[in-house]
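Working notes, beginning with the structure itself.
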Amino acid sequence: MNKFLLRTVVWVSVFMVFVFGYLLYLNKVNRAIESSTKLMLLPEKIPLRAVGDRFFVYILLNSQFNDTVAVDTVVKFDKDVLEALDVVPLGSFPTFPESGRVIDNEKGLAFLSAVNYDEEKRRFASPYRNIGLFGRISFQVKKSEPTKIEFLYDQNKTNLTNIIEVESGKNSILGPNQLPGAVVE
């Protein structure tokens with residue numbers, strides 16, 4: 001009986017060490033994913049709609065681990081399938097310049113920019129460090145067919161989607177995996 005109990009305790013201990021190690025690994029992977037600043041389009045999957053229907057796509061900013069001072073978004077959509085009706089800031093930053101809210105339906109682009117400058121106080125506000133809705137784009141369906149809505153991004157171009165960090169003053173987006181788009185299907 002003592003050998004059986006000893007074996008059971010050893011196997012349970014080995015199993016618990018394995019489970020604990022695996023959970024630590026998963027936690028490390030999840031924290032690495034969460035710690036990267038990113039922009040997302042929500043919902044990620046949009047049901048196919050009839051011609052003339054309208055729907056919203058929200059821009060979510062996840063900057064909970066990095067102090068962010070400015071954001072530029074350039075959202076691309078198929079101009080033959082969708083028409084952008086408006087782009088609305090949702091208050092993550094104190095200043096959304098009017099010139100940074102543009103729709104170009106001829107090219108299939110919607111722009112939304114913001115900076116943490118408080119115009120009333122005439123000084124920079126505290127950097128943004130949070131998860132929150134950055135903006136909303138309204139679309140109307142021109143053709144009822146599957147399509148993609150995505151961020152335009154090139155690490156070497158500052159006139160496309162970027163998130164500027166306080167410390168480095170550089171774009172904190174390092175690749176397209178930090179910019180999940182939406183699919184209409």
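Chain labels follow the order of the structure tokens: the first chain is A, the next B, and so on; residue numbering restarts at 1 in every chain, and ligands are counted from 1 in their shown order.
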Would you mind listing, for every residue of segment 61-156 of chain A within 12 Å of segment 161-166 of chain A, the two atoms forming the shortest contact and the distance between them in Å to one decimal, using only C-alpha atoms, sorted by chain and ascending residue number, as CSV?
residue,atom,partner,partner_atom,distance
A:Leu61,CA,A:Ile163,CA,9.3
A:Asn62,CA,A:Ile163,CA,10.3
A:Ser63,CA,A:Ile163,CA,9.0
A:Gln64,CA,A:Glu165,CA,11.7
A:Phe65,CA,A:Glu165,CA,10.5
A:Asn66,CA,A:Glu165,CA,6.7
A:Asp67,CA,A:Val166,CA,5.6
A:Thr68,CA,A:Glu165,CA,4.5
A:Val69,CA,A:Ile164,CA,5.8
A:Ala70,CA,A:Ile164,CA,5.2
A:Val71,CA,A:Ile163,CA,4.6
A:Asp72,CA,A:Thr161,CA,5.1
A:Thr73,CA,A:Thr161,CA,4.3
A:Val74,CA,A:Thr161,CA,5.3
A:Val75,CA,A:Thr161,CA,8.1
A:Lys76,CA,A:Thr161,CA,10.6
A:Gly100,CA,A:Thr161,CA,12.0
A:Leu109,CA,A:Thr161,CA,11.7
A:Ala110,CA,A:Thr161,CA,11.0
A:Phe111,CA,A:Thr161,CA,8.9
A:Leu112,CA,A:Thr161,CA,9.3
A:Ser113,CA,A:Thr161,CA,9.1
A:Ala114,CA,A:Ile163,CA,9.8
A:Val115,CA,A:Ile164,CA,9.3
A:Asn116,CA,A:Val166,CA,10.5
A:Phe124,CA,A:Val166,CA,11.4
A:Ala125,CA,A:Val166,CA,11.7
A:Ser126,CA,A:Val166,CA,10.0
A:Pro127,CA,A:Val166,CA,7.2
A:Tyr128,CA,A:Glu165,CA,9.3
A:Arg129,CA,A:Glu165,CA,10.0
A:Phe134,CA,A:Ile163,CA,11.8
A:Glu150,CA,A:Thr161,CA,10.4
A:Phe151,CA,A:Thr161,CA,6.6
A:Leu152,CA,A:Thr161,CA,6.0
A:Tyr153,CA,A:Thr161,CA,5.2
A:Asp154,CA,A:Thr161,CA,7.7
A:Gln155,CA,A:Asn162,CA,8.2
A:Asn156,CA,A:Asn162,CA,10.2
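The environment of Gly135 of chain A within 6 Å, counting only C-alpha atoms and disregarding residues fewer than 4 places along the same chain, consists of Tyr58, Ile59, Val88, Pro89 and Leu90 of chain A.
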Using only C-alpha atoms for the distances, tell me which of A:Glu44, A:Glu120, A:Asp80, A:Glu145 is nearest to Val183 of chain A.
A:Glu44
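The residue set within 6 Å of Gln140 of chain A, counting only C-alpha atoms and dropping same-chain residues fewer than 2 places from it, reads Gly52, Asp53, Arg54, Leu82 and Glu83 of chain A.
Considering the residues A:Pro146, A:Gly91, A:Gly108, A:Gly169 and counting only C-alpha atoms, Gly132 of chain A has its shortest atom-to-atom contact with A:Gly91.
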Give me every helix (DSSP H, G or I) residue in chain A, going by DSSP on the backbone, as an NGL selection string.
:A and (2-34 or 98-100 or 176-178)
Residue subset to file, keeping N, CA and C atoms, as a compact mmCIF listing (two decimals), in the first residue's frame:
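For reference, part-v4.txt as written:
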# COMPACT_ATOMS: atom_id res chain seq x y z
N ASN A 2 1.96 1.24 0.75
CA ASN A 2 2.83 2.41 0.80
C ASN A 2 3.48 2.68 -0.55
N LYS A 3 3.87 1.59 -1.30
CA LYS A 3 4.45 1.79 -2.62
C LYS A 3 3.42 2.40 -3.58
N PHE A 4 2.22 1.92 -3.48
CA PHE A 4 1.16 2.45 -4.34
C PHE A 4 0.91 3.92 -4.04
N LEU A 5 0.84 4.27 -2.79
CA LEU A 5 0.62 5.66 -2.40
C LEU A 5 1.79 6.54 -2.82
N LEU A 6 3.01 6.04 -2.66
CA LEU A 6 4.19 6.79 -3.06
C LEU A 6 4.21 7.01 -4.59
N ARG A 7 3.91 5.97 -5.36
CA ARG A 7 3.85 6.10 -6.82
C ARG A 7 2.78 7.10 -7.24
N THR A 8 1.64 7.04 -6.62
CA THR A 8 0.55 7.95 -6.95
C THR A 8 0.95 9.39 -6.67
N VAL A 9 1.57 9.63 -5.52
CA VAL A 9 2.01 10.98 -5.17
C VAL A 9 3.04 11.47 -6.18
N VAL A 10 3.99 10.59 -6.57
CA VAL A 10 5.02 10.98 -7.54
C VAL A 10 4.38 11.31 -8.88
N TRP A 11 3.47 10.48 -9.38
CA TRP A 11 2.84 10.72 -10.68
C TRP A 11 1.96 11.97 -10.65
N VAL A 12 1.25 12.17 -9.57
CA VAL A 12 0.43 13.38 -9.45
C VAL A 12 1.34 14.60 -9.41
N SER A 13 2.46 14.52 -8.70
CA SER A 13 3.40 15.65 -8.64
C SER A 13 3.98 15.95 -10.02
N VAL A 14 4.38 14.90 -10.75
CA VAL A 14 4.92 15.09 -12.10
C VAL A 14 3.85 15.73 -13.00
N PHE A 15 2.65 15.23 -12.90
CA PHE A 15 1.56 15.77 -13.71
C PHE A 15 1.30 17.24 -13.37
N MET A 16 1.30 17.58 -12.09
CA MET A 16 1.06 18.96 -11.67
C MET A 16 2.18 19.89 -12.14
N VAL A 17 3.43 19.42 -12.10
CA VAL A 17 4.55 20.23 -12.60
C VAL A 17 4.37 20.47 -14.10
N PHE A 18 3.97 19.44 -14.83
CA PHE A 18 3.74 19.57 -16.27
C PHE A 18 2.62 20.59 -16.54
N VAL A 19 1.50 20.46 -15.85
CA VAL A 19 0.37 21.38 -16.05
C VAL A 19 0.77 22.80 -15.67
N PHE A 20 1.46 22.96 -14.56
CA PHE A 20 1.89 24.29 -14.13
C PHE A 20 2.83 24.92 -15.16
N GLY A 21 3.79 24.14 -15.66
CA GLY A 21 4.71 24.63 -16.69
C GLY A 21 3.99 25.03 -17.95
N TYR A 22 3.03 24.23 -18.37
CA TYR A 22 2.26 24.52 -19.57
C TYR A 22 1.44 25.80 -19.40
N LEU A 23 0.82 25.96 -18.24
CA LEU A 23 0.05 27.18 -17.98
C LEU A 23 0.95 28.42 -17.94
N LEU A 24 2.15 28.29 -17.39
CA LEU A 24 3.09 29.41 -17.41
C LEU A 24 3.46 29.78 -18.85
N TYR A 25 3.68 28.76 -19.67
CA TYR A 25 4.01 29.00 -21.08
C TYR A 25 2.86 29.73 -21.78
N LEU A 26 1.63 29.25 -21.59
CA LEU A 26 0.48 29.90 -22.22
C LEU A 26 0.32 31.34 -21.74
N ASN A 27 0.52 31.57 -20.46
CA ASN A 27 0.41 32.91 -19.91
C ASN A 27 1.46 33.83 -20.54
N LYS A 28 2.67 33.34 -20.71
CA LYS A 28 3.73 34.14 -21.33
C LYS A 28 3.38 34.48 -22.78
N VAL A 29 2.85 33.51 -23.53
CA VAL A 29 2.46 33.75 -24.91
C VAL A 29 1.33 34.76 -24.98
N ASN A 30 0.30 34.60 -24.14
CA ASN A 30 -0.83 35.53 -24.13
C ASN A 30 -0.40 36.93 -23.74
N ARG A 31 0.49 37.06 -22.77
CA ARG A 31 0.95 38.38 -22.36
C ARG A 31 1.76 39.03 -23.46
N ALA A 32 2.54 38.27 -24.21
CA ALA A 32 3.30 38.84 -25.32
C ALA A 32 2.36 39.34 -26.40
N ILE A 33 1.29 38.61 -26.66
CA ILE A 33 0.32 39.03 -27.66
C ILE A 33 -0.41 40.28 -27.19
N GLU A 34 -0.84 40.29 -25.92
CA GLU A 34 -1.57 41.42 -25.39
C GLU A 34 -0.70 42.66 -25.25
N GLU A 98 -10.09 67.92 -37.75
CA GLU A 98 -11.08 67.80 -38.84
C GLU A 98 -10.41 67.30 -40.11
N SER A 99 -9.18 67.74 -40.35
CA SER A 99 -8.45 67.31 -41.55
C SER A 99 -8.05 65.84 -41.48
N GLY A 100 -8.14 65.25 -40.30
CA GLY A 100 -7.80 63.83 -40.13
C GLY A 100 -9.00 62.92 -40.21
N PRO A 176 1.68 43.54 -39.87
CA PRO A 176 0.23 43.48 -40.09
C PRO A 176 -0.53 42.63 -39.08
N ASN A 177 0.16 41.77 -38.32
CA ASN A 177 -0.54 40.99 -37.29
C ASN A 177 -1.07 41.86 -36.16
N GLN A 178 -0.62 43.10 -36.07
CA GLN A 178 -1.12 44.03 -35.07
C GLN A 178 -2.30 44.84 -35.60
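Considering only C-alpha atoms, the residue among A:Glu185, A:Asp78, A:Asp118, A:Glu106 positioned nearest to Pro94 of chain A is A:Asp118.
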Between atom CA of Ser144 of chain A and atom CA of Arg101 of chain A, what distance in Å does the model show, to one decimal?
26.6 Å
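Excluding Lys148 of chain A itself and any same-chain residue fewer than 5 positions from it, the protein and nucleic acid residues within 7 Å of it, counting only C-alpha atoms, are Phe77, Ala182, Val183 and Val184 of chain A.
Taking atom CA of Pro180 of chain A and atom CA of Ile131 of chain A as endpoints, the distance between them is 15.2 Å.
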